[in-house]
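**Q** One structure, as structure tokens, below. Some questions next.
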Amino acid sequence: MASHHDLEPVEPREAFEEDTLDARYSQAAVLLSVGAAVSGVTDMVPTHESFAMPDLHPLAGTGPVPLPDAVAELDVAPHDYLTGQIGRIPSDEAARLTRNLFDGPGRGVAVNTAAALVEAGMHNTSPLVRAAAATAALDTTGPREDVIAELEEAAQARDTDTRELARTGLYRANPRHPLLDRYVVNRPEVSTRRRRSNTAVLSHGTWAARSRWWRPGGDFYTYLDGLTPPLHVHDESYMWSGAYSAAARDLAADDLVDWVAAQGLDRPDFFAHSHGATVGNLATQRGLRLGRLVVMGLPVHSAWLPDLAQVDQLIDVRVRADLVILADRGGQRLPASRRADDRVIERRHGWFSHASTHEPAYWARHDIPSSLLVPVP
């Protein structure tokens, strides 16, 4: 996991030549970028100068590649590969394919090379890299039994980034996959309370309703509750189903509007991760007034942006080239017009790790709480 330090990108051309935590996350980002490009979503490919991918626009709309064509680019026996008789593929093979991807001439060669690189990633030693490769393979060669099996295994990994990435890929392969049902809860009922409550509310993202970090007693809840000056964190966090669908987020936004009123809250601060932040955005579109809306690792989609007229301040906390957002096919930053608004504070620190934005160590390391002290314009 990446919870104890900030990841640093390894130059994509060289990512598969190293075997470090930074390199493995960089490898995953390369593979997800290739999948996004082949599917035609080239505008989601990272463009930061510290992680400069080649021009992948020629790959747009060229998939899926027949698996034998992808395998032909690998230095393995095609029959052995297609019949599942190989083990791990050495990293120097992936490094060779990456160099070819950057330097290879011609559209056809690039497409097959990109697909071959993804296949090599499917046989990497790192579960994170294999999860990224399986997610990318949905676009480069298309869903198939071994791809689904890899996503199923990774969806149950102990590492948060690996499992959230794999669950996103698994949903894309089969939105009704029974494994995903384990990670959602029934739509909670809205309860009413008479006594007045406090002012900051936490919520979770997709498939995280049963996790602990956002609840009273959880590590991030406890961290926020101990800040100075105090946030007066509410003694109940906001739970929604955590299902990965627009319909689920719409229902959760409706419920959040009702829940805030039922809890006796008046213009609370709202802290939420990933698509839990989307729920908060949608609630503002329904007229919910918020003090500070603190979105952490928000996948940016134009239909689900907040109504800034309903918030005093928006604090956008994120890493660069977030792997889960790459798999989600969301944007990595708010539109420039939103970032220019005086009410918006953007905090971008670190790379790749979707989970890090709700970790106390990340917040402390980058002094994110200082943004909570910035006066509202």
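Here, A, B, ... name the chains of the structure tokens in the order displayed, residue numbers run from 1 inside each chain, and ligands are numbered from 1 in the same displayed order.
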Select from stretch 256-303 of chain A everything DSSP, run on the backbone, classes as helix (DSSP H, G or I), then give the selection as a ChimeraX atom specification.
**A** /A:256-262,275-285,302-303
**Q** Can you build me a table of stretch 304-332 of chain A residues sitting at most 10 Å from stretch 28-51 of chain A, with the closest atom pair per residue and its distance in Å to one decimal, using only C-alpha atoms, sorted by chain and residue number, as a tab-separated table?
**A**
residue	atom	partner	partner_atom	distance
A:Arg320	CA	A:Pro46	CA	8.2
A:Ala321	CA	A:Pro46	CA	5.9
A:Asp322	CA	A:Ala29	CA	8.2
A:Leu323	CA	A:Ala29	CA	6.1
A:Val324	CA	A:Leu32	CA	9.4
A:Ile325	CA	A:Met44	CA	9.1
A:Leu326	CA	A:Leu32	CA	6.5
A:Ala327	CA	A:Leu32	CA	6.6
A:Asp328	CA	A:Ala36	CA	9.8
A:Arg329	CA	A:Met44	CA	6.6
A:Gly330	CA	A:Met44	CA	7.1
A:Gly331	CA	A:Met44	CA	6.3
A:Gln332	CA	A:Met44	CA	7.6
**Q** Just the selected residues (C-alpha atoms), exported as a PDB file, in the first residue's frame, please.
**A**
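Generated output (again_31.pdb):
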ATOM      1  CA  ARG A 320      -2.247  13.148  -9.850  1.00  0.00           C
ATOM      2  CA  ALA A 321      -3.034  10.283 -12.245  1.00  0.00           C
ATOM      3  CA  ASP A 322      -5.332   8.597  -9.743  1.00  0.00           C
ATOM      4  CA  LEU A 323      -5.517   4.948 -10.874  1.00  0.00           C
ATOM      5  CA  VAL A 324      -9.121   4.383  -9.863  1.00  0.00           C
ATOM      6  CA  ILE A 325     -10.230   7.552 -11.628  1.00  0.00           C
ATOM      7  CA  LEU A 326      -8.367   6.326 -14.729  1.00  0.00           C
ATOM      8  CA  ALA A 327     -10.374   3.095 -14.551  1.00  0.00           C
ATOM      9  CA  ASP A 328     -13.575   5.054 -13.886  1.00  0.00           C
ATOM     10  CA  ARG A 329     -12.860   7.179 -16.977  1.00  0.00           C
ATOM     11  CA  GLY A 330     -13.480  10.352 -15.015  1.00  0.00           C
ATOM     12  CA  GLY A 331     -11.533  13.568 -15.198  1.00  0.00           C
ATOM     13  CA  GLN A 332      -8.556  14.127 -12.921  1.00  0.00           C
TER      14      GLN A 332
END
**Q** At what distance in Å, to one decimal, does atom CA of A:His234 lie from atom CA of A:Trp207?
**A** 22.2 Å
**Q** Write out as a PDB file with C-alpha atoms, in the first residue's frame the residues lying within 9 Å of stretch 130-133 of chain A, counting only C-alpha atoms and excluding same-chain residues fewer than 2 positions away.
**A**
ATOM      1  CA  GLN A  27       3.306   0.613 -14.517  1.00  0.00           C
ATOM      2  CA  ALA A  28      -0.354   0.413 -13.557  1.00  0.00           C
ATOM      3  CA  ALA A  29      -0.908   3.965 -14.814  1.00  0.00           C
ATOM      4  CA  VAL A  30       0.763   3.139 -18.139  1.00  0.00           C
ATOM      5  CA  LEU A  31      -1.473   0.096 -18.637  1.00  0.00           C
ATOM      6  CA  LEU A  32      -4.668   1.938 -17.715  1.00  0.00           C
ATOM      7  CA  GLY A  35      -6.683   0.794 -22.227  1.00  0.00           C
ATOM      8  CA  LEU A 117       2.048  -4.859 -23.191  1.00  0.00           C
ATOM      9  CA  VAL A 118      -1.287  -5.299 -21.432  1.00  0.00           C
ATOM     10  CA  GLU A 119      -0.963  -9.093 -21.792  1.00  0.00           C
ATOM     11  CA  ALA A 120       2.509  -8.945 -20.276  1.00  0.00           C
ATOM     12  CA  GLY A 121       1.021  -6.944 -17.407  1.00  0.00           C
ATOM     13  CA  MET A 122      -1.499  -9.740 -16.844  1.00  0.00           C
ATOM     14  CA  HIS A 123       1.478 -11.922 -15.909  1.00  0.00           C
ATOM     15  CA  ASN A 124       3.291  -9.425 -13.695  1.00  0.00           C
ATOM     16  CA  THR A 125       4.320 -10.348 -10.144  1.00  0.00           C
ATOM     17  CA  SER A 126       2.403  -7.383  -8.654  1.00  0.00           C
ATOM     18  CA  PRO A 127      -1.334  -7.800  -7.905  1.00  0.00           C
ATOM     19  CA  LEU A 128      -1.827  -4.066  -8.488  1.00  0.00           C
ATOM     20  CA  THR A 135      -8.923  -3.625 -16.476  1.00  0.00           C
ATOM     21  CA  ALA A 136      -7.079  -2.388 -19.572  1.00  0.00           C
ATOM     22  CA  ALA A 137      -7.566  -5.752 -21.312  1.00  0.00           C
ATOM     23  CA  LEU A 138     -11.316  -5.136 -21.315  1.00  0.00           C
ATOM     24  CA  VAL A 147      -9.365 -11.424 -17.343  1.00  0.00           C
ATOM     25  CA  GLU A 150      -7.929 -11.821 -12.352  1.00  0.00           C
ATOM     26  CA  LEU A 151     -10.360  -9.020 -11.548  1.00  0.00           C
ATOM     27  CA  GLU A 153      -9.189 -12.169  -7.266  1.00  0.00           C
ATOM     28  CA  ALA A 154      -7.902  -8.600  -7.110  1.00  0.00           C
ATOM     29  CA  ALA A 155     -11.327  -7.298  -6.031  1.00  0.00           C
ATOM     30  CA  THR A 162      -5.764  -2.844  -5.812  1.00  0.00           C
ATOM     31  CA  ARG A 163      -9.248  -3.874  -4.791  1.00  0.00           C
ATOM     32  CA  LEU A 165      -9.271  -0.601  -9.079  1.00  0.00           C
ATOM     33  CA  ALA A 166     -10.298  -4.222  -9.681  1.00  0.00           C
ATOM     34  CA  GLY A 169     -12.884  -3.011 -13.779  1.00  0.00           C
ATOM     35  CA  LEU A 323      -5.517   4.948 -10.874  1.00  0.00           C
ATOM     36  CA  ALA A 327     -10.374   3.095 -14.551  1.00  0.00           C
TER      37      ALA A 327
END
**Q** Show me, as a list in words, the residues that have an atom within 6 Å of A:Leu314 when counting only C-alpha atoms, minus same-chain residues fewer than 4 positions from it.
**A**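 The filter keeps Arg292, Leu293, Val294 and Val344 of chain A.
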**Q** Take the residues that were just selected and, keeping N, CA and C atoms, output them as a PDB file, in the first residue's frame.
**A**
ATOM      1  N   ARG A 292     -18.471  24.016   3.886  1.00  0.00           N
ATOM      2  CA  ARG A 292     -17.360  23.557   3.052  1.00  0.00           C
ATOM      3  C   ARG A 292     -17.713  22.187   2.485  1.00  0.00           C
ATOM      4  N   LEU A 293     -17.560  22.049   1.195  1.00  0.00           N
ATOM      5  CA  LEU A 293     -17.694  20.767   0.521  1.00  0.00           C
ATOM      6  C   LEU A 293     -16.279  20.291   0.224  1.00  0.00           C
ATOM      7  N   VAL A 294     -15.843  19.252   0.933  1.00  0.00           N
ATOM      8  CA  VAL A 294     -14.474  18.759   0.807  1.00  0.00           C
ATOM      9  C   VAL A 294     -14.529  17.437   0.047  1.00  0.00           C
ATOM     10  N   VAL A 344     -13.160  27.986  -4.755  1.00  0.00           N
ATOM     11  CA  VAL A 344     -12.566  26.664  -4.971  1.00  0.00           C
ATOM     12  C   VAL A 344     -11.090  26.672  -4.584  1.00  0.00           C
TER      13      VAL A 344
END
